[in-house]
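Report on the following structure.
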Amino acid sequence: MSGNILWKFILTALIIFWCVMSITPLQDRPFEEYIVAQATANEAEFTDLMEQAAARVEAEEAPTLFIALRDLGEEANVDYAKFFPQINVADIANQNKRNDILLKHILRKAQSQLRLGLDLKGGVGVTLMMEPSESVSQVQQAEQLQNAIDIMADRLDGMGVAEPVIRARGDNAIEIQLAGLSTKDNPEVIDAVKKPARLEFRRVHPELRPDSTPTNQYPVGYEVLAEEVEDPQSGEVFERRYFVKLIPEATGEIIADAFASQTQAGGFQINLEMTGDGAAILRNVTERMVGEPLAIVLDGKLYSAPTINDVLSSRAQITGSFSQREAIELANVLNNPLAVELRVDEMYEVGPTMAKSAQESSINAAKWGASLVVGFMIIYYFFGGIVAVISAVINVIIVLGVLASLGATLTLPGVAALLLTLGMGVDANILIFERLREELRAGKSIKNATAGAFDKVTSTIVDANVTTLITATILIWLGTGPVKGFGITLAIGICASIFCALVVTRFLVDLLVHRMGVSKVLGLELLGERKIDFFKFRKPAFAASWLLVLAGVISIAVHHDNILGKDFTGGDEMTVDYIERVEADAIMRVINEQDLGDVTVLYQSLIGEDREVLKLQTPFDQARPTLDILRSAFPNAGFEEAGINQIGASVSKTIQWNALISVLCALGGILLYVALRFEVGYGVGAVIATVHDVLMTVGIFVLFGQFDIFVSGQFSAPMLAAILMIVGYSINDTIVVFDRIREELDLNPGTDLRNIINQSISRVFSRTLLTSITTLLAAVSLYVFGAGVINDLAFVFIIGILTGTFSSIFIASPVFYWWHKGDRRHVEERQLTPKRYEWESQKEEA
């Protein structure tokens with residue numbers, strides 16, 4: 001037992017250490033302070049350089065300290081590596097490149113890995129304009145714009161966890177807002193985004209070179225391009241010029257995938273894998289050009305011109321003097337090439353989209369929720385409660401650590417989801433402790449009861465989480481943008497929950513029981529096993545719930561034009577000039593008092609201009625009426641309309657359909673898994689219960705919203721994740737009940753199916769109720785103390801928790817019962833391995 005405790009302790013400690021290192025620092029550290037602290041050699045000389053760089057910024061000769069230091073290094077021939085001997089950049093020969101990589105590394109280290117979202121901190125925004133073309137029709141331009149938006153989403157948020165805002169602005173521009181960034185700390189943040197990534201493979205003139213050819217003898221159909229070549233010894237960069245054919249032999253369309261890798265010399269290259277047709281095209285090109293150089297040109301820049309030594313087909317490389325980050329960014333851009341060129345129209349700093357008072361109240365709500373969950377668990381379970389809380393906190397740390405390593409963005413709805421993760425994280429612990437109570441009631445010692453409880457509960461925890469993991473996997477596989485991001489977050493949470501339940505909780509309980517000699521792990525028992533005839537109420541409960549679902553569905557159908565917020569439909573964005581600045585909090589109070597609906601208020605500071613403007617984002621045709629109300633409320637502010645644009649949806653129709661298809665496929669995956677792991681009837685019951693829970697939750701949300709009771713009834717972007725979360729919660733609850741039914745069928749061969757189901761529900765009822773209480777404590781706190789979209793999220797969670805608890809008893813179980821016509825033999829005959837009892841074998845032998 002000591003060995004088991006030791007390895008679990010070491011594994012847990014290592015994981016916590018890695019996660020804490022990934023999360024820290026929790027907040028960005030000022031670059032000017034952090035870089036001085038990191039300089040460990042020649043400190044006096046570096047302090048002098050810092051003063052010179054600061055003077056440049058103050059004199060507006062450089063926009064940021066980062067750029068001032070970089071420019072100073074180039075001009076004064078300063079090698080910054082000598083100030084930071086602990087950072088190994090000795091393999092980079094070129095000094096300017098070495099300085100650039102070193103400064104960027106220090107800048108990244110100064111910033112928090114887990115960025116705060118646009119709602120909490122704001123960020124940087126940019127408007128990219130499409131170059132007009134008379135040859136392109138309006139329909140084609142709209143298609144190009146949507147294509148560019150999709151590509152930008154893949155470039156900026158391939159994992160779906162960064163949460164940028166990417167939407168159309170007018171009919172020829174894209175607005176991008178990146179959370180938690182600023183041009184001060186990230187001066188080149190937008191450079192990689194706007195690259196069109198037009199890749200071409202072009203023929204190089206086999207004989208002539210520009211340096212030895214008179215200008216009047218330049219070959220027709222060729223242009224002069226220069227390749228930058230770095231001397232591996234001195235690091236000096238020189239140009240090698242070629243005549244490169246204007247018409248390409250092949251384009252980037254032949255590429256299926258691009259990825260970065262390290263070369264044998266320690267540098268980095270981009271590997272290209274071709275499509276099926278692309279391999280044939282490349283083979284045809286290289287067959288004709290063996291012994292000749294082939295130019296690889298990206299966005300008009302010559303990267304390399306290798307000589308073709310052999311016929312190529314499925315693979316190729318782009319070589320050059322790339323850093324690792326440059327190679328990765330270039331590969332990402334090549335995987336998402338733009339069909340049109342974009343230019344920066346304006347850049348600006350974006351203020352937080354959620355008012356400060358709303359932020360504070362919602363953060364306080366999260367604190368209250370966490371305190372209530374922790375308090376309840378400790379009061380009810382004593383030592384077990386402390387174990388559960390420690391396990392759940394480690395769960396949250398693991399989730400945050402992994403998300404930070406993926407470069408995720410933490411929004412206020414994300415904070416709410418983490419609180420619910422804390423509430424749901426104790427679920428497996430409650431399952432363990434309630435099973436421990438059963439073992440103790442059977443007269444076992446605390447040591448034997450602990451071993452028995454964990455042995456019996458392991459399959460339940462694994463089955464419940466694997467079904468949810470199937471949902472997460474399909475969301476990752478089929479999803480895009482926020483849908484994929486939610487799938488990744490859910491998968492991380494599930495894996496963390498399984499680890500914490502079966503390793504962390506087991507380690508802590510074993511430590512208490514076996515090493516510390518604690519004989520009473522559990523405290524109160526207010527919810528003992530109760531024999532209730534749940535099935536007596538199944539028909540009225542089943543009918544009433546589906547009538548409520550029907551009412552909700554009808555409400556959705558009737559009000560479908562009004563239930564989608566501007567995140568889904570788009571809207572108007574008005575730029576407002578002012579004489580006197582009014583805080584966003586005060587403006588939002590007026591908007592809420594006047595019940596103006598889905599309005600976002602934020603301030604933007606235009607980069608390069610010493611002025612700030614107010615932005616009002618409203619549903620279509622609501623911007624001017626909103627401005628009129630604000631003028632009346634704040635007559636001294638001098639609000640004046642400076643311009644108005646239509647903005648597209650931040651959650652596109654593609655993402656909406658993608659979410660629906662992903663959920664439907666996930667339900668199919670759950671049905672298949674449960675049918676294989678349990679039996680088909682269980683799978684049918686689980687899927688119907690999940691569909692019931694989603695429809696009821698959405699229906700009640702819309703129904704209440706139409707009568708302005710408790711919620712707005714309008715769907716914003718975070719609501720998509722909330723509904724997907726309900727799917728996971730519903731499945732988890734149902735599988736716990738079904739796992740107990742399966743166990744009771746094995747233990748009670750002479751009991752009919754109705755009594756088996758009743759007995760199973762009775763035995764897990766205390767666990768179901770306690771899990772609902774802990775999660776409801778978190779959700780109700782968010783609703784009571786939160787503000788804005790947090791209220792809507794919390795309401796959805798509350799309804800989802802209640803319906804999930806209800807459906808596992810009165811929907812899933814009755815469907816399973818009716819599927820098998822109330823006959824347990826019907827269940828046993830349809831299992832993959834039909835159950836055979838000892839008395840049946842003896843009868844056959846006789």
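Following the order of the structure tokens, chains are lettered A, B, ..., residues in each are numbered from 1, and ligands are numbered from 1.
For stretch 543-636 of chain A, backbone-based DSSP assignment of strand (DSSP E or B) covers Leu564, Gly571, Asp572, Glu573, Met574, Thr575, Val576, Asp577, Thr600, Val601, Leu602, Tyr603, Gln604, Ser605, Leu606, Glu612, Val613, Leu614, Lys615, Leu616, Gln617 and Thr618 of chain A.
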* Out of stretch 406-643 of chain A, which residues get helix (DSSP H, G or I) from DSSP, as a PyMOL selection string? -> chain A and resi 412-441+446-478+481-515+534-558+566-569+584-593+623-633+635-637
* **Contact residues around A:Val553 with only C-alpha atoms at 9 Å, ignoring same-chain residues under 6 positions, as number ranges by chain** => A: 695-696, 698-700, 702-703
* Asked: Using only C-alpha atoms, which residue out of A:His105, A:His514, A:His205, A:Arg624 lies closest to A:Tyr34?
  ->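 Counting only C-alpha atoms, the residue closest to A:Tyr34 is A:His105.
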* Structure fact -> Correct to one decimal, the distance atom CA of A:Pro482-atom CA of A:Ile270 is 28.1 Å
* List the neighbours of A:Arg742 out to 9 Å using only C-alpha atoms; skip same-chain residues closer than 5 positions along the sequence, and give me the result as a PyMOL selection string. => chain A and resi 678+737+747+760
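Shortest separation to A:Gly252 among A:Ala226, A:Leu338, A:Ile644, A:Ile176 occurs at residue A:Leu338, atoms counted being only C-alpha atoms.
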* With only C-alpha atoms as the basis for distance, which of A:Val204, A:Leu49, A:Leu312, A:Val601 is at the shortest distance from A:Gln617? -> A:Val601
* Asked: In Å, with one decimal, what is the gap from atom CA of A:Arg435 to atom CA of A:Ala453?
  -> 5.3 Å
* How far is it from atom CA of A:Gln646 to atom CA of A:Lys615, in Å with one decimal? -> 12.5 Å
* Which one is closest to A:Val504: A:Val680, A:Ile394, A:Val483, A:Ile430? Count only C-alpha atoms. ->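 Ranking A:Val680, A:Ile394, A:Val483, A:Ile430 by distance to A:Val504, first place goes to A:Ile394.
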* Structure fact -> Closest of A:Thr569, A:Ile488, A:Gly804, A:Tyr242 to A:Ser212, counting only C-alpha atoms, is A:Tyr242
* Among listed residues A:Thr473, A:Thr213, A:Gln269, A:Thr600, nearest A:Pro352 (using only C-alpha atoms) ->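 Among the listed residues, the smallest separation from A:Pro352 belongs to A:Thr600.
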* Asked: A:Leu770: which residues within 12 Å, counting only C-alpha atoms, same-chain residues fewer than 5 positions away excluded, as a ChimeraX atom specification?
  -> /A:373,376-377,380-381,423-424,426-431,433-434,525-528,733,764-765,775-777,801,805
* Asked: Within 12 Å of A:Asp621, counting only C-alpha atoms, which residues qualify if same-chain residues fewer than 5 places away don't, as an MDAnalysis selection string?
  -> chainID A and resid 566 570:574 599 616 626:627 644:647
* Find the residues around A:Asp585 up to 7 Å (only C-alpha atoms counted), leave out those fewer than 6 positions away in its own chain, and share them as a list in words. => Ala355, Lys356 and Ser357 of chain A
